[in-house]
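File shown: target03.pdb (PDB, C-alpha atoms and all ligand atoms).
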```
ATOM      1  CA  MET A   1      -8.950 -20.686  11.368
ATOM      2  CA  SER A   2      -9.137 -20.818   7.587
ATOM      3  CA  ILE A   3      -8.232 -17.893   5.353
ATOM      4  CA  GLU A   4     -11.926 -17.481   4.616
ATOM      5  CA  ASP A   5     -12.771 -17.331   8.342
ATOM      6  CA  ASN A   6      -9.999 -14.808   8.886
ATOM      7  CA  LEU A   7     -11.335 -12.618   6.081
ATOM      8  CA  VAL A   8     -14.833 -12.680   7.547
ATOM      9  CA  ARG A   9     -13.468 -11.745  10.969
ATOM     10  CA  ILE A  10     -11.220  -8.945   9.669
ATOM     11  CA  ARG A  11     -14.002  -7.473   7.541
ATOM     12  CA  ALA A  12     -16.255  -7.427  10.611
ATOM     13  CA  GLU A  13     -13.509  -5.715  12.616
ATOM     14  CA  ILE A  14     -13.056  -3.131   9.857
ATOM     15  CA  ASP A  15     -16.805  -2.437   9.806
ATOM     16  CA  GLN A  16     -16.810  -2.109  13.581
ATOM     17  CA  ALA A  17     -13.850   0.287  13.506
ATOM     18  CA  CYS A  18     -15.670   2.369  10.869
ATOM     19  CA  GLN A  19     -18.805   2.517  12.984
ATOM     20  CA  ALA A  20     -16.816   3.526  16.052
ATOM     21  CA  ALA A  21     -15.195   6.291  14.012
ATOM     22  CA  GLY A  22     -18.473   7.437  12.464
ATOM     23  CA  ARG A  23     -17.274   6.434   9.002
ATOM     24  CA  ASP A  24     -19.003   4.637   6.149
ATOM     25  CA  PRO A  25     -17.509   1.106   5.865
ATOM     26  CA  GLY A  26     -17.531   1.601   2.094
ATOM     27  CA  GLU A  27     -14.705   4.131   2.536
ATOM     28  CA  VAL A  28     -12.196   1.553   3.765
ATOM     29  CA  ARG A  29     -10.768  -1.175   1.560
ATOM     30  CA  LEU A  30      -9.031  -4.294   2.820
ATOM     31  CA  LEU A  31      -5.829  -5.031   0.891
ATOM     32  CA  PRO A  32      -4.598  -8.574   1.619
ATOM     33  CA  VAL A  33      -0.794  -8.807   1.806
ATOM     34  CA  SER A  34       0.133 -12.197   0.403
ATOM     35  CA  LYS A  35       3.955 -11.875   0.490
ATOM     36  CA  THR A  36       5.809 -15.132   1.249
ATOM     37  CA  HIS A  37       2.539 -17.117   1.097
ATOM     38  CA  PRO A  38       1.945 -19.666  -1.677
ATOM     39  CA  VAL A  39      -0.429 -19.179  -4.594
ATOM     40  CA  ALA A  40      -2.760 -21.753  -3.017
ATOM     41  CA  ALA A  41      -3.413 -19.273  -0.204
ATOM     42  CA  ILE A  42      -4.112 -16.512  -2.730
ATOM     43  CA  ARG A  43      -6.541 -18.784  -4.559
ATOM     44  CA  GLN A  44      -8.438 -19.318  -1.299
ATOM     45  CA  ALA A  45      -8.657 -15.580  -0.656
ATOM     46  CA  ALA A  46      -9.722 -15.030  -4.279
ATOM     47  CA  SER A  47     -12.494 -17.596  -3.836
ATOM     48  CA  ALA A  48     -13.633 -15.598  -0.814
ATOM     49  CA  GLY A  49     -13.982 -12.518  -3.005
ATOM     50  CA  CYS A  50     -10.591 -10.772  -2.844
ATOM     51  CA  ARG A  51      -9.395  -9.280  -6.151
ATOM     52  CA  TRP A  52      -6.428  -7.133  -5.081
ATOM     53  CA  PHE A  53      -3.276  -8.543  -3.484
ATOM     54  CA  ALA A  54      -0.099  -6.869  -2.254
ATOM     55  CA  GLU A  55       3.486  -8.073  -2.416
ATOM     56  CA  ASN A  56       6.744  -6.405  -1.348
ATOM     57  CA  ARG A  57       9.187  -8.177  -3.670
ATOM     58  CA  PRO A  58       8.815  -7.445  -7.394
ATOM     59  CA  GLN A  59      10.017 -10.866  -8.556
ATOM     60  CA  GLU A  60       7.518 -12.619  -6.305
ATOM     61  CA  LEU A  61       4.750 -10.271  -7.450
ATOM     62  CA  ALA A  62       5.554 -10.926 -11.111
ATOM     63  CA  ALA A  63       5.737 -14.687 -10.658
ATOM     64  CA  LYS A  64       2.431 -14.870  -8.803
ATOM     65  CA  ALA A  65       0.728 -12.506 -11.249
ATOM     66  CA  ALA A  66       1.877 -14.689 -14.154
ATOM     67  CA  GLU A  67       0.834 -17.939 -12.483
ATOM     68  CA  LEU A  68      -2.616 -16.601 -11.526
ATOM     69  CA  SER A  69      -3.198 -14.561 -14.684
ATOM     70  CA  GLY A  70      -6.464 -16.373 -15.405
ATOM     71  CA  LEU A  71      -8.153 -15.162 -12.220
ATOM     72  CA  GLY A  72      -8.456 -11.479 -13.111
ATOM     73  CA  LEU A  73      -6.542 -10.331 -10.032
ATOM     74  CA  HIS A  74      -4.840  -6.966  -9.479
ATOM     75  CA  TRP A  75      -1.415  -6.581  -7.879
ATOM     76  CA  VAL A  76      -0.047  -3.903  -5.607
ATOM     77  CA  MET A  77       3.650  -3.361  -4.931
ATOM     78  CA  ILE A  78       4.106  -2.195  -1.322
ATOM     79  CA  GLY A  79       7.185  -0.698   0.303
ATOM     80  CA  HIS A  80      10.657   0.108  -0.937
ATOM     81  CA  LEU A  81      11.370  -0.585  -4.626
ATOM     82  CA  GLN A  82      14.852  -0.663  -6.147
ATOM     83  CA  ARG A  83      15.234   1.166  -9.443
ATOM     84  CA  ASN A  84      16.502  -1.951 -11.211
ATOM     85  CA  LYS A  85      13.147  -3.649 -10.467
ATOM     86  CA  ALA A  86      11.004  -0.870 -11.954
ATOM     87  CA  ARG A  87      10.307  -2.889 -15.095
ATOM     88  CA  LEU A  88       8.617  -5.725 -13.183
ATOM     89  CA  VAL A  89       6.322  -3.322 -11.366
ATOM     90  CA  ALA A  90       5.553  -1.398 -14.562
ATOM     91  CA  GLU A  91       4.571  -4.634 -16.303
ATOM     92  CA  PHE A  92       2.719  -6.521 -13.566
ATOM     93  CA  ALA A  93       1.394  -4.111 -10.914
ATOM     94  CA  ASP A  94      -1.667  -1.876 -11.067
ATOM     95  CA  SER A  95      -0.748   0.131  -8.011
ATOM     96  CA  PHE A  96       2.395   1.015  -6.054
ATOM     97  CA  HIS A  97       2.191   2.060  -2.408
ATOM     98  CA  GLY A  98       5.728   3.249  -1.708
ATOM     99  CA  LEU A  99       7.005   5.812  -4.200
ATOM    100  CA  ASP A 100       9.641   8.013  -2.550
ATOM    101  CA  SER A 101      12.162   8.915  -5.268
ATOM    102  CA  LEU A 102      11.889  11.035  -8.417
ATOM    103  CA  GLN A 103      14.549   8.908 -10.134
ATOM    104  CA  LEU A 104      12.422   5.840  -9.504
ATOM    105  CA  ALA A 105       9.375   7.748 -10.764
ATOM    106  CA  ALA A 106      11.244   8.518 -13.999
ATOM    107  CA  ASP A 107      12.241   4.861 -14.417
ATOM    108  CA  LEU A 108       8.686   3.690 -13.818
ATOM    109  CA  ASP A 109       7.249   6.284 -16.213
ATOM    110  CA  ARG A 110       9.640   5.184 -18.974
ATOM    111  CA  ARG A 111       8.918   1.477 -18.423
ATOM    112  CA  LEU A 112       5.174   2.133 -18.319
ATOM    113  CA  ALA A 113       5.372   3.940 -21.661
ATOM    114  CA  VAL A 114       7.098   0.894 -23.185
ATOM    115  CA  ALA A 115       4.464  -1.419 -21.702
ATOM    116  CA  GLY A 116       1.583   0.874 -22.733
ATOM    117  CA  ARG A 117       0.335   0.951 -19.152
ATOM    118  CA  GLU A 118      -0.381   3.353 -16.302
ATOM    119  CA  LEU A 119       0.290   2.905 -12.603
ATOM    120  CA  GLU A 120      -1.512   4.239  -9.556
ATOM    121  CA  VAL A 121       1.035   5.554  -7.058
ATOM    122  CA  LEU A 122       0.798   6.395  -3.379
ATOM    123  CA  VAL A 123       3.720   8.356  -2.000
ATOM    124  CA  GLN A 124       5.423   6.792   1.014
ATOM    125  CA  VAL A 125       5.992   8.990   4.041
ATOM    126  CA  ASN A 126       8.255   8.135   6.979
ATOM    127  CA  SER A 127       5.764   9.199   9.625
ATOM    128  CA  SER A 128       7.645   7.652  12.562
ATOM    129  CA  ASP A 129      11.028   9.260  11.818
ATOM    130  CA  GLU A 130      12.661   5.838  12.298
ATOM    131  CA  PRO A 131      15.958   5.874  10.351
ATOM    132  CA  THR A 132      15.451   2.294   9.116
ATOM    133  CA  LYS A 133      12.159   3.136   7.388
ATOM    134  CA  SER A 134      11.951   4.287   3.803
ATOM    135  CA  GLY A 135       9.727   7.142   2.734
ATOM    136  CA  LEU A 136       9.950  10.905   2.514
ATOM    137  CA  ARG A 137      10.135  13.188   5.493
ATOM    138  CA  PRO A 138       6.734  14.878   5.813
ATOM    139  CA  GLU A 139       8.092  18.324   4.947
ATOM    140  CA  GLN A 140       9.504  16.974   1.651
ATOM    141  CA  VAL A 141       6.149  15.785   0.353
ATOM    142  CA  PRO A 142       4.696  18.950  -1.284
ATOM    143  CA  ALA A 143       7.796  19.561  -3.439
ATOM    144  CA  PHE A 144       7.934  15.852  -4.287
ATOM    145  CA  MET A 145       4.317  15.930  -5.483
ATOM    146  CA  ALA A 146       5.118  18.933  -7.679
ATOM    147  CA  GLY A 147       8.083  16.997  -9.120
ATOM    148  CA  LEU A 148       5.824  14.052 -10.020
ATOM    149  CA  GLY A 149       3.686  16.307 -12.196
ATOM    150  CA  GLU A 150       5.813  15.628 -15.272
ATOM    151  CA  PHE A 151       5.298  11.855 -15.278
ATOM    152  CA  GLY A 152       2.204  11.259 -17.364
ATOM    153  CA  ARG A 153       1.868   7.547 -16.681
ATOM    154  CA  LEU A 154       1.829   7.838 -12.897
ATOM    155  CA  ARG A 155      -1.588   8.499 -11.351
ATOM    156  CA  VAL A 156      -1.048  10.008  -7.911
ATOM    157  CA  THR A 157      -3.981   9.129  -5.636
ATOM    158  CA  GLY A 158      -2.657   9.540  -2.103
ATOM    159  CA  LEU A 159      -0.187   8.671   0.618
ATOM    160  CA  MET A 160       1.126   5.534   2.284
ATOM    161  CA  THR A 161       2.920   4.946   5.574
ATOM    162  CA  ILE A 162       4.103   2.266   7.962
ATOM    163  CA  ALA A 163       3.489   3.518  11.494
ATOM    164  CA  ALA A 164       5.994   3.301  14.336
ATOM    165  CA  ASN A 165       6.876  -0.271  15.231
ATOM    166  CA  THR A 166       6.001  -0.078  18.915
ATOM    167  CA  THR A 167       3.378  -1.195  21.404
ATOM    168  CA  ASP A 168       3.021   2.428  22.507
ATOM    169  CA  ARG A 169      -0.379   3.339  21.046
ATOM    170  CA  GLU A 170       0.224   7.083  21.370
ATOM    171  CA  SER A 171       3.280   6.897  19.086
ATOM    172  CA  VAL A 172       1.353   4.859  16.521
ATOM    173  CA  ILE A 173      -1.573   7.267  16.593
ATOM    174  CA  ALA A 174       0.791  10.242  16.192
ATOM    175  CA  CYS A 175       1.939   8.715  12.878
ATOM    176  CA  PHE A 176      -1.615   8.406  11.606
ATOM    177  CA  GLU A 177      -2.502  11.931  12.703
ATOM    178  CA  LEU A 178       0.540  13.280  10.904
ATOM    179  CA  MET A 179      -0.618  11.547   7.729
ATOM    180  CA  ARG A 180      -4.092  12.981   7.957
ATOM    181  CA  ASP A 181      -2.710  16.485   8.429
ATOM    182  CA  LEU A 182      -0.381  16.006   5.475
ATOM    183  CA  GLN A 183      -3.306  14.860   3.325
ATOM    184  CA  ALA A 184      -5.334  17.911   4.328
ATOM    185  CA  GLY A 185      -2.444  20.224   3.419
ATOM    186  CA  LEU A 186      -2.085  18.643  -0.031
ATOM    187  CA  ARG A 187      -5.797  18.860  -0.672
ATOM    188  CA  ALA A 188      -5.740  22.570   0.111
ATOM    189  CA  ASP A 189      -3.114  23.168  -2.586
ATOM    190  CA  PRO A 190      -3.241  20.275  -5.065
ATOM    191  CA  VAL A 191      -0.895  19.719  -7.988
ATOM    192  CA  PRO A 192      -3.076  19.700 -11.144
ATOM    193  CA  GLY A 193      -4.051  16.164 -12.115
ATOM    194  CA  GLN A 194      -3.279  14.651  -8.729
ATOM    195  CA  ARG A 195      -5.676  13.359  -6.083
ATOM    196  CA  TYR A 196      -4.908  12.664  -2.448
ATOM    197  CA  ASP A 197      -7.990  10.659  -1.484
ATOM    198  CA  GLU A 198      -6.186   7.471  -0.492
ATOM    199  CA  LEU A 199      -4.459   6.958   2.836
ATOM    200  CA  SER A 200      -2.852   3.502   2.830
ATOM    201  CA  MET A 201      -2.058   2.875   6.480
ATOM    202  CA  GLY A 202      -2.745   0.254   9.108
ATOM    203  CA  MET A 203      -1.513  -3.349   9.241
ATOM    204  CA  SER A 204      -2.570  -6.422  11.248
ATOM    205  CA  GLY A 205      -1.528  -4.831  14.537
ATOM    206  CA  ASP A 206      -2.789  -1.277  14.112
ATOM    207  CA  PHE A 207      -5.558  -1.106  11.508
ATOM    208  CA  VAL A 208      -8.274  -0.148  13.998
ATOM    209  CA  GLU A 209      -6.346   2.986  14.997
ATOM    210  CA  ALA A 210      -5.550   3.714  11.336
ATOM    211  CA  ILE A 211      -9.243   3.612  10.432
ATOM    212  CA  ALA A 212     -10.041   5.944  13.324
ATOM    213  CA  HIS A 213      -7.588   8.413  11.778
ATOM    214  CA  GLY A 214      -8.683   8.332   8.165
ATOM    215  CA  ALA A 215      -7.207   5.215   6.506
ATOM    216  CA  THR A 216      -8.915   4.315   3.226
ATOM    217  CA  ILE A 217      -6.799   1.196   2.564
ATOM    218  CA  VAL A 218      -5.556  -1.167   5.266
ATOM    219  CA  ARG A 219      -2.761  -3.593   4.291
ATOM    220  CA  ILE A 220      -3.224  -6.835   6.178
ATOM    221  CA  GLY A 221      -1.057  -9.935   5.949
ATOM    222  CA  THR A 222      -0.621 -11.935   9.144
ATOM    223  CA  ALA A 223      -4.218 -11.629  10.350
ATOM    224  CA  ILE A 224      -5.445 -13.175   7.083
ATOM    225  CA  PHE A 225      -2.728 -15.600   5.993
ATOM    226  CA  GLY A 226      -1.024 -16.421   9.296
ATOM    227  CA  THR A 227       2.558 -15.818  10.364
ATOM    228  CA  ARG A 228       5.303 -15.689   7.753
ATOM    229  CA  SER A 229       8.166 -18.155   7.936
ATOM    230  CA  ALA A 230      10.626 -15.691   6.398
ATOM    231  CA  PRO A 231      11.026 -12.234   7.929
ATOM    232  CA  PRO A 232       9.487  -9.494   5.805
ATOM    233  CA  LEU A 233      11.869  -7.347   3.800
ATOM    234  CA  GLY A 234      11.670  -3.622   3.215
TER     235      GLY A 234
HETATM  236  C1  LIG B 301       4.176  -7.048   5.299
HETATM  237  C2  LIG B 301       3.576  -5.710   5.130
HETATM  238  C3  LIG B 301       2.275  -5.433   5.584
HETATM  239  C4  LIG B 301       1.406  -6.446   6.315
HETATM  240  O1  LIG B 301       1.866  -6.638   7.622
HETATM  241  P1  LIG B 301       1.081  -7.592   8.660
HETATM  242  O2  LIG B 301       1.587  -7.148   9.966
HETATM  243  O3  LIG B 301       1.456  -8.991   8.324
HETATM  244  O4  LIG B 301      -0.369  -7.336   8.491
HETATM  245  C5  LIG B 301       1.772  -4.165   5.359
HETATM  246  N1  LIG B 301       2.504  -3.221   4.723
HETATM  247  C6  LIG B 301       3.742  -3.450   4.277
HETATM  248  C7  LIG B 301       4.485  -2.375   3.568
HETATM  249  C8  LIG B 301       4.335  -4.699   4.475
HETATM  250  O5  LIG B 301       5.584  -4.917   4.012
END
```

Render the structure in this file as structure tokens.
Amino acid sequence: MSIEDNLVRIRAEIDQACQAAGRDPGEVRLLPVSKTHPVAAIRQAASAGCRWFAENRPQELAAKAAELSGLGLHWVMIGHLQRNKARLVAEFADSFHGLDSLQLAADLDRRLAVAGRELEVLVQVNSSDEPTKSGLRPEQVPAFMAGLGEFGRLRVTGLMTIAANTTDRESVIACFELMRDLQAGLRADPVPGQRYDELSMGMSGDFVEAIAHGATIVRIGTAIFGTRSAPPLG
């Protein structure tokens, strides 16, 4: 299957999942995760209409963004970000799904000011309680959102999670339900200037369940670009 065929298939599966959930397919965006794949693969997906791409290593994101700068693409940093890489994200990314530290937020805000840019941020939540996963514990999120209020160059639009890494569907669904409840709680008592409309959740193996539980952005790598030769980091 070509990348274009895969995109057609995944988009159809997203539409089907929306219909099954009684949702408008326009509410759910497909975010292709191009990490470890060459720029030729990104060009193919761009030809098929994709404009946003996600990477989990800042150097790789910056290099690809620079090489493909003529295509008018937008770049999303996903997952854990080290503070010493904040500059790359501030300069090259339009969105960051994975903020979970106020120190990192301060670094990003300062770098964004230098670059004259703004950054959309989605706060990462550890919804599975797996110790290896990054992200805030759910009960930490409201205070964290309040703490982000002082960073004028960060536009908070929602939450991001990686669900439990298991074949047990109930455990995966529990993660998504937790996220939806968390979103509802934030919406009931929002920090001024913040929005919580986006729920970035669902990957190649669990996006149908994520859509059933309110995902607005699904991050899909393998099902579009094929298996990765190097194991994913973060
Ligand atoms: C790699 C990655 C994905 C995509 O995973 P697939 O299983 O290949 O679809 C999604 N989100 C994050 C944070 C990732 O690192």

Taking only C-alpha atoms and all ligand atoms into account, which residues have an atom no farther than 8 Å from ligand LIG 301 (chain B)? I'd like them as a list in words.
Pro32, Val33, Lys35, Glu55, Asn56, Ile78, Gly79, His97, Gly98, Thr161, Ile162, Met201, Gly202, Met203, Ser204, Gly205, Val218, Arg219, Ile220, Gly221, Thr222, Ala223, Ile224, Gly226, Thr227, Arg228, Pro232, Leu233 and Gly234 of chain A

File of the preceding selection, C-alpha atoms, as a JSON list (two decimals), in the coordinates of the input:
```json
[["chain", "number", "residue", "atom", "x", "y", "z"],
["A", 32, "PRO", "CA", -4.60, -8.57, 1.62],
["A", 33, "VAL", "CA", -0.79, -8.81, 1.81],
["A", 35, "LYS", "CA", 3.96, -11.88, 0.49],
["A", 55, "GLU", "CA", 3.49, -8.07, -2.42],
["A", 56, "ASN", "CA", 6.74, -6.40, -1.35],
["A", 78, "ILE", "CA", 4.11, -2.19, -1.32],
["A", 79, "GLY", "CA", 7.18, -0.70, 0.30],
["A", 97, "HIS", "CA", 2.19, 2.06, -2.41],
["A", 98, "GLY", "CA", 5.73, 3.25, -1.71],
["A", 161, "THR", "CA", 2.92, 4.95, 5.57],
["A", 162, "ILE", "CA", 4.10, 2.27, 7.96],
["A", 201, "MET", "CA", -2.06, 2.88, 6.48],
["A", 202, "GLY", "CA", -2.74, 0.25, 9.11],
["A", 203, "MET", "CA", -1.51, -3.35, 9.24],
["A", 204, "SER", "CA", -2.57, -6.42, 11.25],
["A", 205, "GLY", "CA", -1.53, -4.83, 14.54],
["A", 218, "VAL", "CA", -5.56, -1.17, 5.27],
["A", 219, "ARG", "CA", -2.76, -3.59, 4.29],
["A", 220, "ILE", "CA", -3.22, -6.84, 6.18],
["A", 221, "GLY", "CA", -1.06, -9.94, 5.95],
["A", 222, "THR", "CA", -0.62, -11.94, 9.14],
["A", 223, "ALA", "CA", -4.22, -11.63, 10.35],
["A", 224, "ILE", "CA", -5.44, -13.18, 7.08],
["A", 226, "GLY", "CA", -1.02, -16.42, 9.30],
["A", 227, "THR", "CA", 2.56, -15.82, 10.36],
["A", 228, "ARG", "CA", 5.30, -15.69, 7.75],
["A", 232, "PRO", "CA", 9.49, -9.49, 5.80],
["A", 233, "LEU", "CA", 11.87, -7.35, 3.80],
["A", 234, "GLY", "CA", 11.67, -3.62, 3.22]]
```

Applying 12 Å and all atoms listed in the file, which residues near Asp129 in chain A remain after dropping the ones on its own chain fewer than 2 positions away? List them as a PDB file with C-alpha atoms, in the coordinates of the input.
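In the end it all went to out.pdb:
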```
ATOM      1  CA  VAL A 125       5.992   8.990   4.041  1.00  0.00           C
ATOM      2  CA  ASN A 126       8.255   8.135   6.979  1.00  0.00           C
ATOM      3  CA  SER A 127       5.764   9.199   9.625  1.00  0.00           C
ATOM      4  CA  PRO A 131      15.958   5.874  10.351  1.00  0.00           C
ATOM      5  CA  THR A 132      15.451   2.294   9.116  1.00  0.00           C
ATOM      6  CA  LYS A 133      12.159   3.136   7.388  1.00  0.00           C
ATOM      7  CA  SER A 134      11.951   4.287   3.803  1.00  0.00           C
ATOM      8  CA  GLY A 135       9.727   7.142   2.734  1.00  0.00           C
ATOM      9  CA  LEU A 136       9.950  10.905   2.514  1.00  0.00           C
ATOM     10  CA  ARG A 137      10.135  13.188   5.493  1.00  0.00           C
ATOM     11  CA  PRO A 138       6.734  14.878   5.813  1.00  0.00           C
ATOM     12  CA  GLU A 139       8.092  18.324   4.947  1.00  0.00           C
ATOM     13  CA  THR A 161       2.920   4.946   5.574  1.00  0.00           C
ATOM     14  CA  ILE A 162       4.103   2.266   7.962  1.00  0.00           C
ATOM     15  CA  ALA A 163       3.489   3.518  11.494  1.00  0.00           C
ATOM     16  CA  ALA A 164       5.994   3.301  14.336  1.00  0.00           C
ATOM     17  CA  ASN A 165       6.876  -0.271  15.231  1.00  0.00           C
ATOM     18  CA  SER A 171       3.280   6.897  19.086  1.00  0.00           C
ATOM     19  CA  VAL A 172       1.353   4.859  16.521  1.00  0.00           C
ATOM     20  CA  ALA A 174       0.791  10.242  16.192  1.00  0.00           C
ATOM     21  CA  CYS A 175       1.939   8.715  12.878  1.00  0.00           C
ATOM     22  CA  LEU A 178       0.540  13.280  10.904  1.00  0.00           C
TER      23      LEU A 178
END
```

When you count all atoms listed in the file, which of these residues is closest to Ala212 in chain A: A:His80, A:Arg187, A:Arg180, A:Arg57?
A:Arg180

Close residues, Arg29 in chain A itself excluded, 12 Å, all atoms listed in the file, min 5 positions apart in chain, as a PDB file with C-alpha atoms, in the frame of the given file:
```
ATOM      1  CA  ILE A  10     -11.220  -8.945   9.669  1.00  0.00           C
ATOM      2  CA  ARG A  11     -14.002  -7.473   7.541  1.00  0.00           C
ATOM      3  CA  ILE A  14     -13.056  -3.131   9.857  1.00  0.00           C
ATOM      4  CA  ASP A  15     -16.805  -2.437   9.806  1.00  0.00           C
ATOM      5  CA  CYS A  18     -15.670   2.369  10.869  1.00  0.00           C
ATOM      6  CA  ASP A  24     -19.003   4.637   6.149  1.00  0.00           C
ATOM      7  CA  CYS A  50     -10.591 -10.772  -2.844  1.00  0.00           C
ATOM      8  CA  ARG A  51      -9.395  -9.280  -6.151  1.00  0.00           C
ATOM      9  CA  TRP A  52      -6.428  -7.133  -5.081  1.00  0.00           C
ATOM     10  CA  PHE A  53      -3.276  -8.543  -3.484  1.00  0.00           C
ATOM     11  CA  GLU A 198      -6.186   7.471  -0.492  1.00  0.00           C
ATOM     12  CA  LEU A 199      -4.459   6.958   2.836  1.00  0.00           C
ATOM     13  CA  SER A 200      -2.852   3.502   2.830  1.00  0.00           C
ATOM     14  CA  MET A 201      -2.058   2.875   6.480  1.00  0.00           C
ATOM     15  CA  GLY A 202      -2.745   0.254   9.108  1.00  0.00           C
ATOM     16  CA  PHE A 207      -5.558  -1.106  11.508  1.00  0.00           C
ATOM     17  CA  ILE A 211      -9.243   3.612  10.432  1.00  0.00           C
ATOM     18  CA  GLY A 214      -8.683   8.332   8.165  1.00  0.00           C
ATOM     19  CA  ALA A 215      -7.207   5.215   6.506  1.00  0.00           C
ATOM     20  CA  THR A 216      -8.915   4.315   3.226  1.00  0.00           C
ATOM     21  CA  ILE A 217      -6.799   1.196   2.564  1.00  0.00           C
ATOM     22  CA  VAL A 218      -5.556  -1.167   5.266  1.00  0.00           C
ATOM     23  CA  ARG A 219      -2.761  -3.593   4.291  1.00  0.00           C
ATOM     24  CA  ILE A 220      -3.224  -6.835   6.178  1.00  0.00           C
TER      25      ILE A 220
END
```

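Atom pair CA of Asp100 in chain A / CA of Phe144 in chain A: separated by 8.2 Å.
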
Counting all atoms listed in the file, the option among A:Gln124, A:Phe151, A:Pro142, A:Pro58 closest to Asp107 in chain A
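For Asp107 in chain A, the nearest of the given residues is A:Phe151.
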
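When CA of Ala48 in chain A is paired with CA of Glu4 in chain A, their separation reads 6.0 Å.
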
Check the smallest atom-to-atom distance from each of A:His213, A:Arg23, A:Arg195, A:Arg87 to Met179 in chain A using only C-alpha atoms, then report the winner.
A:His213

Could you check how far CA of Glu118 in chain A sits from CA of Val141 in chain A, in Å to one decimal?
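Atom-to-atom, CA of Glu118 in chain A to CA of Val141 in chain A, that is 21.8 Å.
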
For Ala41 in chain A, the nearest of the candidates A:Ile3, A:Ala210, A:Ala188, A:Leu68, counting all atoms listed in the file:
A:Ile3

Which residues are close to range 109-112 of chain A, i.e. within 8 Å by only C-alpha atoms, leaving aside same-chain residues fewer than 6 positions away? Reply as a ChimeraX atom specification.
/A:86-87,90-91,118-119,151-154

Let me make sure I understand: among A:Ser69, A:Gln19, A:Thr157, A:Asn6, which one has the smallest atom-to-atom distance to Met145 in chain A if we use all atoms listed in the file?
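Using all atoms listed in the file, Met145 in chain A sits closest to A:Thr157.
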
Selection result for the PyMOL selection byres (((chain A and resi 190) around 12) and not hetatm) on this file, as number ranges by chain
A: 141-143, 145-146, 149, 156-158, 182-189, 191-197
